[in-house]
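Listing of work27.cif, mmCIF, C-alpha atoms
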data_final
#
loop_
_atom_site.label_atom_id
_atom_site.label_comp_id
_atom_site.auth_asym_id
_atom_site.auth_seq_id
_atom_site.Cartn_x
_atom_site.Cartn_y
_atom_site.Cartn_z
CA MET A 1 12.04 -12.92 -21.42
CA LYS A 2 9.86 -12.79 -18.30
CA TYR A 3 9.73 -9.78 -15.98
CA ILE A 4 8.87 -9.82 -12.26
CA VAL A 5 8.56 -7.03 -9.71
CA VAL A 6 8.73 -8.22 -6.09
CA LEU A 7 7.54 -5.22 -4.12
CA GLY A 8 7.72 -5.19 -0.32
CA ASP A 9 5.58 -2.16 0.51
CA GLY A 10 7.33 0.14 3.00
CA MET A 11 10.20 -2.34 3.38
CA ALA A 12 12.97 0.30 3.67
CA ASP A 13 13.56 1.86 7.08
CA TYR A 14 15.96 3.68 9.39
CA LYS A 15 18.49 2.10 11.73
CA LEU A 16 17.04 0.95 15.04
CA ASP A 17 18.69 0.58 18.42
CA GLU A 18 16.47 -2.46 19.02
CA LEU A 19 18.17 -4.15 16.07
CA GLY A 20 21.70 -3.26 17.14
CA GLY A 21 21.87 -0.19 14.93
CA LYS A 22 20.63 -2.02 11.84
CA THR A 23 17.60 -1.49 9.64
CA PRO A 24 15.06 -4.32 9.31
CA LEU A 25 16.46 -5.03 5.82
CA GLN A 26 19.97 -5.31 7.26
CA TYR A 27 18.87 -7.38 10.26
CA ALA A 28 16.59 -9.82 8.43
CA LYS A 29 17.97 -13.17 7.28
CA LYS A 30 17.48 -13.04 3.51
CA PRO A 31 20.18 -15.23 1.98
CA HIS A 32 18.47 -15.62 -1.40
CA ILE A 33 17.96 -11.90 -2.03
CA ASP A 34 21.47 -11.08 -0.78
CA ALA A 35 22.88 -13.71 -3.15
CA LEU A 36 21.01 -12.05 -6.03
CA ALA A 37 22.44 -8.67 -4.98
CA ARG A 38 25.97 -9.96 -5.60
CA LYS A 39 24.99 -10.72 -9.21
CA ALA A 40 22.77 -7.70 -9.85
CA GLU A 41 22.58 -3.95 -10.07
CA VAL A 42 21.81 -2.40 -6.68
CA GLY A 43 21.14 1.28 -6.15
CA LEU A 44 18.76 3.98 -4.96
CA CYS A 45 15.72 5.39 -6.72
CA LYS A 46 13.49 8.39 -6.03
CA THR A 47 9.95 7.03 -6.36
CA VAL A 48 8.07 10.05 -4.98
CA PRO A 49 8.33 13.14 -7.23
CA ASP A 50 8.86 16.54 -5.65
CA GLY A 51 5.56 18.09 -4.60
CA PHE A 52 3.81 14.75 -4.02
CA LYS A 53 3.05 13.13 -0.67
CA PRO A 54 4.84 9.79 -0.16
CA GLY A 55 1.77 7.61 -0.48
CA SER A 56 1.59 4.05 -1.74
CA ASP A 57 -0.57 5.33 -4.59
CA VAL A 58 2.07 7.66 -6.03
CA ALA A 59 4.96 5.31 -5.28
CA ASN A 60 3.36 2.16 -6.75
CA LEU A 61 2.35 4.03 -9.89
CA SER A 62 5.99 5.07 -10.22
CA VAL A 63 7.41 1.58 -9.80
CA MET A 64 4.83 0.23 -12.24
CA GLY A 65 6.24 2.57 -14.87
CA TYR A 66 3.76 5.46 -14.75
CA ASP A 67 4.78 9.05 -14.04
CA PRO A 68 2.45 10.40 -11.31
CA LYS A 69 2.90 13.90 -12.73
CA ASP A 70 1.03 12.73 -15.82
CA CYS A 71 -1.69 10.47 -14.41
CA TYR A 72 -2.24 10.86 -10.65
CA THR A 73 -5.70 12.09 -9.61
CA GLY A 74 -5.81 10.86 -5.99
CA ARG A 75 -5.67 7.60 -4.05
CA SER A 76 -9.29 6.75 -3.38
CA PRO A 77 -10.42 6.58 -7.03
CA LEU A 78 -7.87 3.81 -7.61
CA GLU A 79 -9.42 1.85 -4.75
CA ALA A 80 -12.94 2.67 -5.93
CA VAL A 81 -12.22 1.03 -9.28
CA SER A 82 -11.07 -2.15 -7.52
CA ILE A 83 -14.22 -2.24 -5.38
CA GLY A 84 -16.24 -2.07 -8.60
CA ILE A 85 -17.66 1.44 -8.30
CA GLU A 86 -18.66 3.06 -11.59
CA LEU A 87 -17.44 6.64 -11.33
CA ALA A 88 -18.80 9.60 -13.25
CA PRO A 89 -16.34 12.30 -14.37
CA THR A 90 -17.89 14.67 -11.80
CA ASP A 91 -17.64 12.24 -8.87
CA VAL A 92 -15.14 12.84 -6.08
CA THR A 93 -14.02 9.87 -4.00
CA LEU A 94 -12.58 9.68 -0.50
CA ARG A 95 -10.94 6.80 1.29
CA CYS A 96 -13.06 5.90 4.33
CA ASN A 97 -11.14 4.09 7.08
CA LEU A 98 -12.85 2.36 9.95
CA VAL A 99 -10.67 3.51 12.86
CA THR A 100 -10.43 3.37 16.63
CA VAL A 101 -10.50 6.74 18.36
CA SER A 102 -10.31 7.44 22.09
CA ASP A 103 -13.41 8.28 24.12
CA GLU A 104 -12.66 11.91 25.03
CA GLU A 105 -15.41 14.42 24.30
CA PRO A 106 -15.93 16.44 22.22
CA TYR A 107 -14.73 14.63 19.09
CA GLU A 108 -12.03 17.26 18.53
CA GLU A 109 -10.31 16.11 21.74
CA LYS A 110 -9.98 12.47 20.72
CA ARG A 111 -6.77 10.64 19.75
CA MET A 112 -6.18 8.25 16.87
CA LEU A 113 -5.64 4.93 18.63
CA ASP A 114 -5.69 2.60 15.61
CA TYR A 115 -6.01 3.57 11.94
CA SER A 116 -7.17 0.02 11.06
CA ALA A 117 -9.54 -0.76 13.97
CA GLY A 118 -7.44 -3.79 14.86
CA GLU A 119 -7.33 -5.03 11.25
CA ILE A 120 -11.08 -5.57 11.46
CA SER A 121 -12.38 -8.45 9.36
CA THR A 122 -14.06 -7.76 6.04
CA ALA A 123 -17.25 -9.44 7.25
CA GLU A 124 -17.49 -7.29 10.38
CA ALA A 125 -16.58 -4.14 8.48
CA GLY A 126 -19.14 -4.85 5.77
CA GLU A 127 -21.91 -5.10 8.34
CA LEU A 128 -20.83 -1.83 9.97
CA ILE A 129 -20.67 0.02 6.65
CA GLN A 130 -24.14 -1.24 5.69
CA PHE A 131 -25.41 -0.01 9.06
CA LEU A 132 -23.81 3.40 8.54
CA LYS A 133 -25.23 3.68 5.03
CA THR A 134 -28.77 3.72 6.41
CA HIS A 135 -27.88 6.79 8.48
CA LEU A 136 -25.21 8.63 6.45
CA ASP A 137 -25.99 8.08 2.76
CA THR A 138 -27.65 11.04 1.02
CA GLU A 139 -28.58 11.93 -2.55
CA ASP A 140 -25.07 13.28 -3.15
CA MET A 141 -22.93 11.09 -0.86
CA THR A 142 -22.71 7.28 -0.88
CA LEU A 143 -20.66 4.89 1.23
CA TYR A 144 -19.27 1.69 -0.32
CA ALA A 145 -17.82 -1.28 1.55
CA GLY A 146 -14.32 -2.46 0.68
CA VAL A 147 -11.87 -4.83 2.37
CA SER A 148 -11.05 -4.89 6.10
CA TYR A 149 -10.80 -1.29 7.32
CA ARG A 150 -10.54 0.23 3.80
CA HIS A 151 -13.78 1.66 2.38
CA CYS A 152 -14.93 4.46 0.09
CA LEU A 153 -17.17 7.54 0.07
CA VAL A 154 -18.35 8.88 -3.29
CA VAL A 155 -19.46 12.50 -3.49
CA HIS A 156 -21.54 13.07 -6.61
CA ASN A 157 -20.87 16.35 -8.42
CA GLY A 158 -18.37 17.05 -5.65
CA LYS A 159 -15.47 19.40 -5.08
CA THR A 160 -11.82 18.74 -4.32
CA GLY A 161 -9.34 20.97 -2.49
CA HIS A 162 -9.71 19.65 1.07
CA GLU A 163 -7.06 19.21 3.74
CA LEU A 164 -7.45 15.58 4.81
CA THR A 165 -4.95 13.75 7.02
CA PRO A 166 -4.19 10.04 6.53
CA PRO A 167 -5.03 8.35 9.85
CA HIS A 168 -1.81 6.29 9.79
CA ASP A 169 0.10 9.58 9.94
CA ILE A 170 -1.31 10.37 13.39
CA SER A 171 -1.23 7.02 15.17
CA GLY A 172 -1.40 7.68 18.92
CA LYS A 173 -1.73 11.43 18.36
CA PRO A 174 -4.58 13.93 18.93
CA VAL A 175 -6.94 14.47 16.02
CA LYS A 176 -7.13 18.19 16.77
CA GLY A 177 -5.58 20.15 13.93
CA ARG A 178 -5.95 17.14 11.58
CA LEU A 179 -9.70 17.27 11.00
CA PRO A 180 -11.21 17.95 7.55
CA LEU A 181 -10.92 21.44 6.14
CA GLY A 182 -12.20 22.77 2.83
CA PRO A 183 -15.49 23.18 0.91
CA TYR A 184 -17.18 20.17 2.57
CA GLY A 185 -14.93 20.08 5.62
CA GLU A 186 -17.69 20.70 8.14
CA ARG A 187 -19.92 18.13 6.48
CA TYR A 188 -17.22 15.47 6.48
CA LEU A 189 -16.48 16.18 10.14
CA SER A 190 -20.19 16.00 10.98
CA MET A 191 -20.35 12.54 9.36
CA MET A 192 -17.31 11.40 11.33
CA LYS A 193 -18.87 12.61 14.59
CA ARG A 194 -22.19 10.96 13.72
CA SER A 195 -20.42 7.70 12.91
CA TYR A 196 -18.88 7.66 16.38
CA GLU A 197 -22.28 8.01 18.02
CA LEU A 198 -23.66 5.24 15.84
CA LEU A 199 -20.75 2.81 16.17
CA LYS A 200 -19.50 3.13 19.74
CA ASP A 201 -22.19 0.80 21.17
CA HIS A 202 -22.83 -1.33 18.09
CA PRO A 203 -23.04 -5.06 18.95
CA ILE A 204 -20.04 -5.85 16.75
CA ASN A 205 -17.93 -3.37 18.68
CA ARG A 206 -19.20 -4.57 22.04
CA ALA A 207 -18.15 -8.08 21.02
CA ARG A 208 -14.75 -6.85 19.79
CA ILE A 209 -14.09 -5.04 23.08
CA ALA A 210 -15.14 -8.14 25.05
CA ALA A 211 -12.64 -10.15 23.00
CA GLY A 212 -9.85 -7.66 23.71
CA LYS A 213 -9.91 -6.17 20.20
CA ASN A 214 -10.03 -2.54 19.13
CA PRO A 215 -13.52 -1.36 18.19
CA ALA A 216 -14.25 0.25 14.82
CA ASN A 217 -15.87 3.26 16.44
CA SER A 218 -15.52 5.96 13.78
CA VAL A 219 -15.02 6.59 10.08
CA TRP A 220 -12.14 8.77 8.91
CA PHE A 221 -12.03 10.42 5.49
CA TRP A 222 -8.87 11.09 3.50
CA GLY A 223 -7.20 10.60 0.09
CA GLU A 224 -9.71 12.44 -2.12
CA GLY A 225 -9.54 12.20 -5.89
CA THR A 226 -11.37 12.07 -9.22
CA LYS A 227 -11.79 9.46 -11.92
CA PRO A 228 -8.34 8.54 -13.25
CA ALA A 229 -7.16 7.35 -16.64
CA LEU A 230 -4.06 5.20 -17.17
CA GLU A 231 -2.44 4.26 -20.44
CA ASN A 232 -2.96 0.57 -21.17
CA PHE A 233 0.06 -1.36 -19.86
CA ARG A 234 0.32 -3.61 -22.90
CA GLU A 235 0.14 -0.67 -25.30
CA LYS A 236 2.65 1.29 -23.25
CA PHE A 237 5.24 -1.46 -22.70
CA GLY A 238 4.37 -4.20 -25.19
CA LEU A 239 3.86 -6.76 -22.42
CA GLN A 240 0.89 -8.78 -21.20
CA GLY A 241 0.93 -8.03 -17.47
CA GLY A 242 -0.65 -9.16 -14.25
CA VAL A 243 -0.94 -7.84 -10.69
CA ILE A 244 -1.03 -9.82 -7.44
CA SER A 245 -2.00 -7.88 -4.31
CA ALA A 246 -4.33 -8.05 -1.33
CA VAL A 247 -5.09 -4.31 -1.35
CA ASP A 248 -7.62 -2.46 -3.48
CA LEU A 249 -5.19 0.35 -4.31
CA VAL A 250 -2.79 -1.82 -6.31
CA LYS A 251 -5.59 -3.92 -7.77
CA GLY A 252 -7.22 -0.70 -8.95
CA ILE A 253 -4.03 0.41 -10.71
CA GLY A 254 -3.91 -2.98 -12.42
CA ILE A 255 -7.53 -2.78 -13.55
CA LEU A 256 -7.12 0.74 -14.93
CA ALA A 257 -3.95 -0.35 -16.76
CA GLY A 258 -5.76 -3.27 -18.37
CA MET A 259 -3.69 -5.85 -16.53
CA GLN A 260 -4.87 -9.22 -15.26
CA VAL A 261 -5.68 -9.05 -11.54
CA ILE A 262 -4.76 -12.39 -9.98
CA ASP A 263 -6.45 -13.21 -6.67
CA VAL A 264 -4.69 -15.47 -4.18
CA GLU A 265 -6.51 -17.33 -1.43
CA GLY A 266 -5.25 -16.29 2.00
CA ALA A 267 -3.81 -12.95 0.84
CA THR A 268 -4.49 -10.57 3.73
CA GLY A 269 -2.33 -7.48 3.32
CA ASN A 270 -0.43 -8.19 6.52
CA TYR A 271 2.32 -10.47 7.88
CA ASP A 272 -0.07 -13.44 8.00
CA THR A 273 -0.61 -13.27 4.24
CA ASN A 274 -0.10 -16.24 1.93
CA PHE A 275 3.42 -15.38 0.73
CA ALA A 276 3.96 -18.78 -0.87
CA GLY A 277 0.61 -18.63 -2.62
CA LYS A 278 1.53 -15.31 -4.23
CA ALA A 279 4.76 -16.78 -5.58
CA ASP A 280 2.95 -19.88 -6.88
CA ALA A 281 0.32 -17.73 -8.60
CA ALA A 282 2.98 -15.50 -10.16
CA LEU A 283 5.00 -18.45 -11.44
CA GLY A 284 1.90 -20.08 -12.87
CA ALA A 285 0.88 -16.86 -14.62
CA LEU A 286 4.34 -16.33 -16.11
CA LEU A 287 4.65 -19.90 -17.33
CA GLY A 288 1.04 -19.73 -18.52
CA GLY A 289 1.57 -16.84 -20.91
CA LEU A 290 1.96 -13.55 -19.04
CA ASP A 291 5.15 -11.59 -19.72
CA PHE A 292 5.14 -9.45 -16.57
CA VAL A 293 3.85 -9.88 -13.02
CA TYR A 294 3.82 -7.24 -10.27
CA ILE A 295 3.74 -8.98 -6.87
CA HIS A 296 2.78 -6.53 -4.14
CA MET A 297 3.12 -7.39 -0.44
CA GLU A 298 1.66 -4.92 2.03
CA ALA A 299 3.00 -6.63 5.16
CA PRO A 300 6.19 -4.57 5.82
CA ASP A 301 4.22 -1.33 5.44
CA GLU A 302 1.51 -2.38 7.88
CA CYS A 303 4.18 -3.42 10.39
CA GLY A 304 5.91 -0.05 9.95
CA HIS A 305 2.67 1.79 10.70
CA GLN A 306 2.08 -0.38 13.76
CA GLY A 307 5.65 0.03 15.05
CA ASP A 308 5.98 -3.76 14.93
CA ILE A 309 9.71 -4.42 14.49
CA ALA A 310 9.62 -8.19 14.89
CA HIS A 311 6.96 -8.77 12.27
CA LYS A 312 8.53 -6.31 9.84
CA VAL A 313 11.72 -8.37 9.99
CA TYR A 314 9.65 -11.55 9.69
CA SER A 315 7.83 -10.21 6.63
CA ILE A 316 11.11 -9.45 4.85
CA GLU A 317 12.37 -12.94 5.65
CA GLN A 318 9.17 -14.45 4.26
CA ILE A 319 9.53 -12.44 1.04
CA ASP A 320 13.05 -13.84 0.71
CA GLU A 321 12.22 -17.46 1.49
CA LYS A 322 8.72 -17.86 0.07
CA VAL A 323 8.59 -15.38 -2.82
CA ALA A 324 11.98 -14.45 -4.28
CA ALA A 325 13.65 -17.86 -3.87
CA PRO A 326 10.91 -20.05 -5.39
CA LEU A 327 10.38 -17.63 -8.28
CA VAL A 328 14.07 -17.68 -9.21
CA ARG A 329 14.23 -21.45 -8.83
CA GLY A 330 11.01 -22.07 -10.75
CA LEU A 331 11.90 -19.88 -13.71
CA LYS A 332 15.42 -21.31 -13.97
CA GLU A 333 14.10 -24.89 -13.82
CA ALA A 334 11.63 -24.00 -16.59
CA GLY A 335 14.47 -22.60 -18.70
CA GLU A 336 12.83 -19.17 -18.84
CA PRO A 337 15.20 -16.18 -19.01
CA PHE A 338 13.95 -13.44 -16.71
CA LYS A 339 14.60 -10.12 -15.04
CA MET A 340 13.56 -9.45 -11.45
CA LEU A 341 13.20 -6.10 -9.70
CA ILE A 342 13.08 -6.21 -5.89
CA CYS A 343 12.24 -2.99 -4.03
CA PRO A 344 9.81 -1.19 -1.78
CA ASP A 345 7.60 1.60 -3.09
CA HIS A 346 8.65 3.97 -0.29
CA PRO A 347 10.17 3.60 3.20
CA THR A 348 7.83 3.25 6.20
CA PRO A 349 10.23 3.72 9.11
CA ILE A 350 9.32 2.20 12.46
CA ALA A 351 10.55 5.36 14.20
CA VAL A 352 7.93 7.61 12.58
CA ARG A 353 5.28 4.96 11.75
CA THR A 354 4.37 6.58 8.45
CA HIS A 355 5.66 6.95 4.91
CA VAL A 356 8.65 9.12 4.00
CA ALA A 357 9.85 10.27 0.57
CA ASP A 358 13.47 9.09 0.94
CA PRO A 359 14.90 7.21 -2.06
CA ILE A 360 14.35 3.46 -1.94
CA PRO A 361 16.94 0.70 -2.40
CA TYR A 362 16.38 -1.43 -5.49
CA LEU A 363 17.86 -4.67 -6.84
CA LEU A 364 17.67 -5.39 -10.57
CA TYR A 365 18.70 -8.93 -11.55
CA SER A 366 18.96 -10.49 -15.02
CA SER A 367 19.32 -14.25 -15.38
CA GLU A 368 21.10 -13.69 -18.71
CA GLU A 369 23.56 -11.11 -17.44
CA GLU A 370 24.65 -11.83 -13.88
CA ARG A 371 26.87 -8.88 -13.11
CA SER A 372 27.58 -7.11 -9.81
CA ASN A 373 27.97 -3.38 -9.37
CA GLY A 374 29.68 -3.83 -6.01
CA ALA A 375 26.91 -4.65 -3.55
CA GLU A 376 27.44 -7.55 -1.17
CA SER A 377 23.87 -7.47 0.15
CA TYR A 378 20.52 -5.80 -0.46
CA ASP A 379 19.80 -3.01 2.01
CA GLU A 380 19.80 0.76 2.33
CA ASP A 381 23.55 1.17 3.01
CA ALA A 382 24.62 -1.28 0.31
CA ALA A 383 22.47 0.56 -2.23
CA ALA A 384 23.89 3.94 -1.26
CA LYS A 385 27.49 2.72 -1.52
CA THR A 386 27.14 1.73 -5.18
CA ALA A 387 26.47 5.39 -6.07
CA MET A 388 23.84 4.20 -8.57
CA PHE A 389 20.88 6.61 -8.46
CA ILE A 390 17.73 6.74 -10.57
CA PRO A 391 16.01 10.13 -10.27
CA ALA A 392 12.43 9.00 -11.09
CA GLY A 393 10.58 5.85 -10.12
CA CYS A 394 9.00 5.39 -13.53
CA MET A 395 12.51 5.00 -14.96
CA LEU A 396 13.04 1.79 -12.95
CA LEU A 397 10.73 -0.26 -15.15
CA GLN A 398 12.13 1.36 -18.29
CA LYS A 399 15.60 0.29 -17.15
CA MET A 400 14.36 -3.21 -16.41
CA LEU A 401 12.81 -3.62 -19.86
CA LYS A 402 15.76 -2.19 -21.73
CA SER A 403 17.69 -4.93 -23.51
#
Entire entry expressed as structure tokens:
Amino acid sequence: MKYIVVLGDGMADYKLDELGGKTPLQYAKKPHIDALARKAEVGLCKTVPDGFKPGSDVANLSVMGYDPKDCYTGRSPLEAVSIGIELAPTDVTLRCNLVTVSDEEPYEEKRMLDYSAGEISTAEAGELIQFLKTHLDTEDMTLYAGVSYRHCLVVHNGKTGHELTPPHDISGKPVKGRLPLGPYGERYLSMMKRSYELLKDHPINRARIAAGKNPANSVWFWGEGTKPALENFREKFGLQGGVISAVDLVKGIGILAGMQVIDVEGATGNYDTNFAGKADAALGALLGGLDFVYIHMEAPDECGHQGDIAHKVYSIEQIDEKVAAPLVRGLKEAGEPFKMLICPDHPTPIAVRTHVADPIPYLLYSSEEERSNGAESYDEDAAAKTAMFIPAGCMLLQKMLKS
């Protein structure tokens, strides 16, 4: 038996007037996934435990079968592991976004214009982070370059307990009242202010502005944490597993769980990602010996944060056509029995442009037991109507693996 999770990050949403009162999942043309829904279990699942913020870190851990209450130590350490940072037990990590802020002075009067600095390229971002390191690194604080706008700050022998706001939570809003607070709050804020002075006239940003792109004119710290420890996936579930994702967060979970991290050329973490390449890589890994593959697609989440309705719908349609359909076809042609779980980790509604903790719709299909529980399609309303509810995200995988 082969097991596949097809995860459309942030795919669930609220109904939109622009889509005739439908959600993107309801509006999107996804004939292959809807056909699976009529032969599968469809329901709702609570992936974010009470007391936790609805981040992709917590929610993806849940869907991957881990209870965040037992293992979660923060978002940034998961990303740090993927970047290749060796963390000491006393290190504290922070996610460092390259962002676009407005030009009001002082810094406290600025607005968050773009949490991703226009999806800045990894090459441009790497040069900017190296430039900042020469001015901001100290004996106890070190910047590390990651992918696109996602980077990391390591505080050696640091402290936790800060109030740090994810920049995607305040898109288009003032930063006042969302600036760092806590033991090193003033120091973090001072570094953010200094980064603005250093970056606003950097040649890369002058070129980006000339090209009509958003400049990466500040760093923004959030998502602190400490070195995590995850139970080995194979020891926990008895399966040899792999992870396919363009983002360091999910790769980091895979590394910590001892899973094979499968890189795909052209995987970007947005709607221009190589959807077909991810499906091909997953199929090859499953037919090549892996028992389980977790295919993570960031695109719907990024579109939710950007308020981009059209591309969120497009991303869902691409997941249907270029991921779900070829995986089902390929495994059936190979004569491999399989189970497939299709779901988001959390909703990222266009209306609020950030994550919410609402239960997510899931679809659980078995090629050996095609049986409907009443759903005619896969979407939020169809899942609610079945009255099937799973109270904890980590139970989804347990249910999938149960014979």
> Smallest atom-to-atom distance to Glu298 in chain A: which of A:Gly146, A:Gly10, A:Gly238, A:Pro215, using all atoms listed in the file?
Replying inline: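 Selected residue with least distance to Glu298 in chain A: A:Gly10.
Distance check against Lys173 in chain A using all atoms listed in the file: of A:Tyr72, A:Tyr115, A:Phe275, A:Phe338, the minimum falls on A:Tyr115.
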> Any chance you could work out the residue set of the PyMOL selection byres ((chain A and resi 227) around 6) here, as a ChimeraX atom specification?
Replying inline: /A:77,89,226,228
>> Show me the residues around (-15.9, -8.0, 10.9) - criterion: an atom at most 10 Å away, all atoms listed in the file counted - as a PyMOL selection string.
In response: chain A and resi 119-128+147-149+204-205+208+216
> Counting all atoms listed in the file, which residues come within 10 Å of (-3.0, 17.9, 4.5), with the point read in the file's coordinates, and could you list them as a PyMOL selection string?
Replying inline: chain A and resi 53+161-166+178-181+222-223
>> Here is a test: counting all atoms listed in the file, which residue of A:Ile83, A:Val352, A:Ala310, A:Met11 is nearest to Ile255 in chain A?
In response: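 Closest to Ile255 in chain A, using all atoms listed in the file: A:Ile83.
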> Hey, what comes out of the PyMOL selection byres ((chain A and resi 102) around 8) on this file? Could you write it as a list in words?
Replying inline: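 So the PyMOL selection byres ((chain A and resi 102) around 8), applied here, picks out Thr100, Val101, Asp103, Glu104, Lys110, Arg111, Met112 and Leu113 of chain A.
Matched in the shown structure by the PyMOL selection byres ((chain A and resi 48) around 9): A:Lys46, A:Thr47, A:Pro49, A:Asp50, A:Gly51, A:Phe52, A:Lys53, A:Pro54, A:Gly55, A:Val58, A:Ala59, A:Ser62, A:Pro68, A:Asp345, A:His346, A:Ala357, A:Asp358, A:Pro359, A:Ala392, A:Gly393.
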